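*Asks:* Next up is a structure, given as structure tokens.
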Amino acid sequence: MTTAPQAEAAKTAALLSPSPTSAPRPEAPAAPPVRRVPLAVSGLLAAALTAYVWSAHGAKPGVLLLLGLGLGIALFHSRFGFTSAWRQLVAVGNGTGLRAHTLLLGTTATLFALLIGTGTGLFGSVPAPSAEPLGLGLLIGSFVFAIGMQLGGACASGTLFAVGSGQTSIVLTLGGFIAGATLAAWQFDLWKDLPALEPVVMADHIGWFGSWAVTILALAAIVLVSRAVQARRTPPPIGPVPSARGAAARVLRGSWPL
């Protein structure tokens, strides 16, 4: 007879184990040779731009630029995007990418709660929450954005890492992003006064710990639902991407696991 602790341990192991797929995930193919000339040119441009910004505008813009470069490298090495993960869940029921998103958002929420809750900032700044109204303009824009992501084949992060990796076909999507953002800024007065609810900052009502806990619980619910969907549909595994061999090589060249 299975005891209660053994049953609980089995449930925990099942929860932490990989969700089922219709076939084992194949081995990732070897990464192609390094393209040394583009890598060298990109490195020199990044170093020159960082040196110029740091000397001409000071440490704060220089640190922001380094942060942007670091985010770009992380997106590129992990091939991270939002569109593909959502498409995989809806189309075939594979929630692996979506669960990676919940880990990202949970980590971000934790760091933001610590920084804003303690007022810890750099260069004399005091971090503060930014709240915007939830209105008709946001709802319309989200649906248009979702349609555009499917038609363009990538979201903002996916588009940037794809362009940075030399995929010329995705430049059309990047052009659409730029054109749409420019048009929205030009016609800002047409949609900024659409009906909307007043912004709400949860921390003003339940504190920073309470708002963090609500966020983590919501993300945990998404994880459980995605696992249930995947267990019911048993989708094919996510296709592997070319990867360098060896832990040290993967750090430098990728592809990083989700």
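Order determines the names: the first chain of the structure tokens is A, the second B, and so forth; residues in each chain are numbered 1 upward, and ligands are numbered 1 upward as they are shown.
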Per residue of segment 64-106 of chain A within 9 Å of segment 213-216 of chain A, note the shortest atom pair and the distance in Å to one decimal, counting only C-alpha atoms, and order the rows by chain and increasing residue number, as a tab-separated table.
*Replies:*
```
residue	atom	partner	partner_atom	distance
A:Thr102	CA	A:Ile216	CA	8.8
A:Leu105	CA	A:Ile216	CA	8.8
A:Gly106	CA	A:Ile216	CA	6.1
```
*Asks:* Hey, what's within 10 Å of segment 175-189 of chain A if we count only C-alpha atoms and toss same-chain stuff fewer than 3 positions away? As number ranges by chain, please?
*Replies:* A: 145, 148-149, 152, 155-156, 159, 170-172, 192-194
*Asks:* From the DSSP assignment of the backbone, select every residue of segment 55-146 of chain A that is alpha helix (DSSP H), and format the answer as a PyMOL selection string.
*Replies:* chain A and resi 55-57+59-78+83-92+96-118+136-146
*Asks:* If I take atom CA of Leu115 of chain A and atom CA of Phe209 of chain A, how far is one from the other in Å, to one decimal?
*Replies:* 12.1 Å
*Asks:* List the spatial neighbours of Thr96 of chain A as number ranges by chain - criterion: any atom at most 10 Å away, only C-alpha atoms, same-chain residues fewer than 3 positions off excluded.
*Replies:* A: 18-19, 85-86, 88-89, 93, 99-101, 223, 226-227, 230, 237-238, 258
*Asks:* List the spatial neighbours of Pro236 of chain A as a list in words - criterion: any atom at most 10 Å away, only C-alpha atoms, same-chain residues fewer than 2 positions off excluded.
*Replies:* Pro20, Thr21, Ser22, Ala23, Pro24, Arg25, Gln88, Val92, Gly93, Asn94, Gln230, Arg233, Thr234, Ile238 and Gly239 of chain A
*Asks:* Just the selected residues (all heavy atoms), exported as a compact mmCIF listing (two decimals), in the first residue's frame, please.
*Replies:*
```txt
# COMPACT_ATOMS: atom_id res chain seq x y z
N PRO A 20 4.75 14.92 -21.49
CA PRO A 20 4.90 13.90 -22.53
C PRO A 20 4.80 14.48 -23.94
O PRO A 20 4.10 15.46 -24.18
CB PRO A 20 3.74 12.94 -22.25
CG PRO A 20 2.72 13.80 -21.55
CD PRO A 20 3.50 14.78 -20.74
N THR A 21 5.52 13.87 -24.86
CA THR A 21 5.43 14.18 -26.28
C THR A 21 5.25 12.87 -27.05
O THR A 21 5.49 11.79 -26.52
CB THR A 21 6.69 14.90 -26.79
OG1 THR A 21 7.85 14.13 -26.44
CG2 THR A 21 6.81 16.28 -26.17
N SER A 22 4.82 12.98 -28.30
CA SER A 22 4.52 11.79 -29.08
C SER A 22 5.77 11.02 -29.48
O SER A 22 5.68 9.86 -29.89
CB SER A 22 3.74 12.19 -30.34
OG SER A 22 4.50 13.11 -31.12
N ALA A 23 6.95 11.64 -29.38
CA ALA A 23 8.20 11.00 -29.72
C ALA A 23 9.32 11.65 -28.93
O ALA A 23 9.19 12.81 -28.50
CB ALA A 23 8.49 11.10 -31.22
N PRO A 24 10.42 10.95 -28.69
CA PRO A 24 11.55 11.58 -28.01
C PRO A 24 12.10 12.76 -28.83
O PRO A 24 12.04 12.75 -30.06
CB PRO A 24 12.58 10.46 -27.90
CG PRO A 24 11.80 9.20 -28.08
CD PRO A 24 10.66 9.54 -28.99
N ARG A 25 12.62 13.74 -28.11
CA ARG A 25 13.19 14.90 -28.81
C ARG A 25 14.49 14.47 -29.47
O ARG A 25 15.39 13.94 -28.82
CB ARG A 25 13.46 16.03 -27.83
CG ARG A 25 13.81 17.36 -28.49
CD ARG A 25 13.77 18.46 -27.45
NE ARG A 25 13.93 19.78 -28.06
CZ ARG A 25 15.08 20.43 -28.13
NH1 ARG A 25 16.17 19.86 -27.64
NH2 ARG A 25 15.15 21.63 -28.68
N GLN A 88 2.83 27.05 -30.83
CA GLN A 88 3.01 25.62 -30.54
C GLN A 88 1.93 25.10 -29.59
O GLN A 88 1.44 23.98 -29.74
CB GLN A 88 4.40 25.38 -29.95
CG GLN A 88 5.54 25.53 -30.96
CD GLN A 88 6.86 25.82 -30.29
OE1 GLN A 88 6.96 25.84 -29.07
NE2 GLN A 88 7.88 26.08 -31.08
N VAL A 92 -0.55 22.53 -31.65
CA VAL A 92 -0.33 21.10 -31.38
C VAL A 92 -0.38 20.75 -29.89
O VAL A 92 -0.30 19.58 -29.53
CB VAL A 92 1.02 20.63 -31.97
CG1 VAL A 92 1.03 20.81 -33.47
CG2 VAL A 92 2.19 21.39 -31.33
N GLY A 93 -0.49 21.76 -29.01
CA GLY A 93 -0.59 21.48 -27.58
C GLY A 93 0.73 21.36 -26.85
O GLY A 93 0.75 20.88 -25.72
N ASN A 94 1.83 21.80 -27.45
CA ASN A 94 3.12 21.74 -26.78
C ASN A 94 3.33 23.05 -26.01
O ASN A 94 3.46 24.12 -26.60
CB ASN A 94 4.25 21.54 -27.79
CG ASN A 94 5.55 21.14 -27.12
OD1 ASN A 94 5.89 21.64 -26.06
ND2 ASN A 94 6.29 20.23 -27.74
N GLN A 230 -0.86 19.58 -22.61
CA GLN A 230 0.15 18.77 -23.27
C GLN A 230 -0.02 17.30 -22.95
O GLN A 230 0.17 16.44 -23.83
CB GLN A 230 1.54 19.25 -22.87
CG GLN A 230 2.67 18.54 -23.62
CD GLN A 230 3.99 19.29 -23.55
OE1 GLN A 230 4.00 20.50 -23.34
NE2 GLN A 230 5.08 18.59 -23.73
N ARG A 233 -2.96 16.05 -25.17
CA ARG A 233 -2.78 16.02 -26.62
C ARG A 233 -1.53 15.29 -27.08
O ARG A 233 -1.41 14.91 -28.24
CB ARG A 233 -2.77 17.47 -27.16
CG ARG A 233 -4.06 18.22 -26.87
CD ARG A 233 -4.05 19.61 -27.46
NE ARG A 233 -3.96 19.61 -28.90
CZ ARG A 233 -3.97 20.71 -29.66
NH1 ARG A 233 -4.05 21.90 -29.07
NH2 ARG A 233 -3.88 20.63 -30.97
N THR A 234 -0.56 15.10 -26.18
CA THR A 234 0.70 14.40 -26.49
C THR A 234 1.27 14.91 -27.82
O THR A 234 1.30 14.19 -28.82
CB THR A 234 0.51 12.88 -26.55
OG1 THR A 234 -0.30 12.46 -25.45
CG2 THR A 234 1.86 12.18 -26.48
N ILE A 238 9.41 19.82 -29.66
CA ILE A 238 9.93 21.00 -30.36
C ILE A 238 11.21 20.59 -31.09
O ILE A 238 12.08 19.93 -30.52
CB ILE A 238 10.21 22.14 -29.37
CG1 ILE A 238 8.91 22.60 -28.71
CG2 ILE A 238 10.89 23.31 -30.07
CD1 ILE A 238 9.11 23.67 -27.67
N GLY A 239 11.32 20.98 -32.33
CA GLY A 239 12.49 20.63 -33.12
C GLY A 239 13.76 21.24 -32.55
O GLY A 239 13.77 22.41 -32.16
```
*Asks:* I want to know what sits within 12 Å of Leu49 of chain A, based on only C-alpha atoms, with residues of the same chain fewer than 6 positions away left out; could you give that as an NGL selection string?
*Replies:* :A and (42-43 or 55-57 or 61-63 or 65-66 or 69)
*Asks:* Got time to write the residues from that selection, N, CA and C atoms, as a short mmCIF file (atom, residue, chain, number, x, y, z; two decimals), in the first residue's frame?
*Replies:*
```cif
data_model
loop_
_atom_site.label_atom_id
_atom_site.label_comp_id
_atom_site.auth_asym_id
_atom_site.auth_seq_id
_atom_site.Cartn_x
_atom_site.Cartn_y
_atom_site.Cartn_z
N SER A 42 30.90 42.98 -35.98
CA SER A 42 29.89 43.30 -34.97
C SER A 42 30.54 43.65 -33.64
N GLY A 43 31.57 42.90 -33.25
CA GLY A 43 32.25 43.18 -32.00
C GLY A 43 32.92 44.54 -32.00
N SER A 55 31.80 58.04 -23.43
CA SER A 55 32.59 59.27 -23.35
C SER A 55 31.78 60.52 -23.64
N ALA A 56 30.80 60.41 -24.54
CA ALA A 56 30.05 61.60 -24.94
C ALA A 56 28.85 61.87 -24.05
N HIS A 57 28.25 60.83 -23.46
CA HIS A 57 27.00 61.03 -22.73
C HIS A 57 27.05 60.54 -21.28
N PRO A 61 23.84 56.34 -19.85
CA PRO A 61 23.53 55.83 -21.19
C PRO A 61 24.45 54.68 -21.60
N GLY A 62 25.71 54.73 -21.14
CA GLY A 62 26.63 53.65 -21.48
C GLY A 62 26.19 52.32 -20.88
N VAL A 63 25.74 52.35 -19.63
CA VAL A 63 25.25 51.13 -18.99
C VAL A 63 23.99 50.63 -19.68
N LEU A 65 23.21 51.03 -22.78
CA LEU A 65 23.62 50.43 -24.05
C LEU A 65 24.18 49.03 -23.83
N LEU A 66 25.01 48.86 -22.80
CA LEU A 66 25.54 47.52 -22.50
C LEU A 66 24.41 46.56 -22.15
N LEU A 69 22.83 45.54 -25.39
CA LEU A 69 23.67 44.57 -26.10
C LEU A 69 23.58 43.19 -25.44
#
```
*Asks:* Counting only C-alpha atoms, what is within 7 Å of Ala31 of chain A, bar same-chain residues fewer than 6 positions away, as a PyMOL selection string?
*Replies:* chain A and resi 242-244
*Asks:* Restricting the calculation to only C-alpha atoms, which member of A:Arg87, A:Leu122, A:Thr108, A:Ile140 is positioned closest to Ala154 of chain A?
*Replies:*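 Ranked by minimum distance to Ala154 of chain A, first place goes to A:Arg87.
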*Asks:* Just list the residues in segment 111-215 of chain A DSSP gives strand (DSSP E or B) on the backbone, as a VMD selection string.
*Replies:* chain A and resid 134 to 135 196 to 197
*Asks:* Restricting it to C-alpha atoms, dump the selection as a PDB file, in the first residue's frame.
*Replies:*
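Written output follows (result_30.pdb):
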```pdb
ATOM      1  CA  LEU A 134      -6.790  49.180 -19.622  1.00  0.00           C
ATOM      2  CA  GLY A 135      -8.998  50.305 -22.464  1.00  0.00           C
ATOM      3  CA  ALA A 196     -10.559  52.961 -20.755  1.00  0.00           C
ATOM      4  CA  LEU A 197     -10.515  51.902 -17.121  1.00  0.00           C
TER       5      LEU A 197
END
```
*Asks:* Would you compute the distance between atom CA of Leu217 of chain A and atom CA of Leu114 of chain A? Give it in Å to one decimal.
*Replies:* 17.4 Å
*Asks:* At a cut-off of 12 Å, using only C-alpha atoms, what residues contact Ser255 of chain A? Leave out same-chain residues fewer than 5 positions from it and give the result as a list in words.
*Replies:* Ala28, Pro29, Ala30, Ala31, Pro32, Ile73, Ala74, Leu75, Phe76, His77, Ser78, Arg79, Phe80, Pro240, Val241, Pro242, Ser243, Ala244, Arg245, Gly246, Ala247, Ala248, Ala249 and Arg250 of chain A
*Asks:* Please measure the separation of atom CA of Pro133 of chain A and atom CA of Val200 of chain A, giving the value in Å to one decimal.
*Replies:*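 According to the coordinates, atom CA of Pro133 of chain A and atom CA of Val200 of chain A are separated by 7.9 Å.
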*Asks:* When distances are computed from only C-alpha atoms, which of A:Thr173, A:Ser165, A:Ser130, A:Thr107 shows the smallest separation from Met202 of chain A?
*Replies:*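 Checking each candidate against Met202 of chain A, we get A:Ser130 as the closest.
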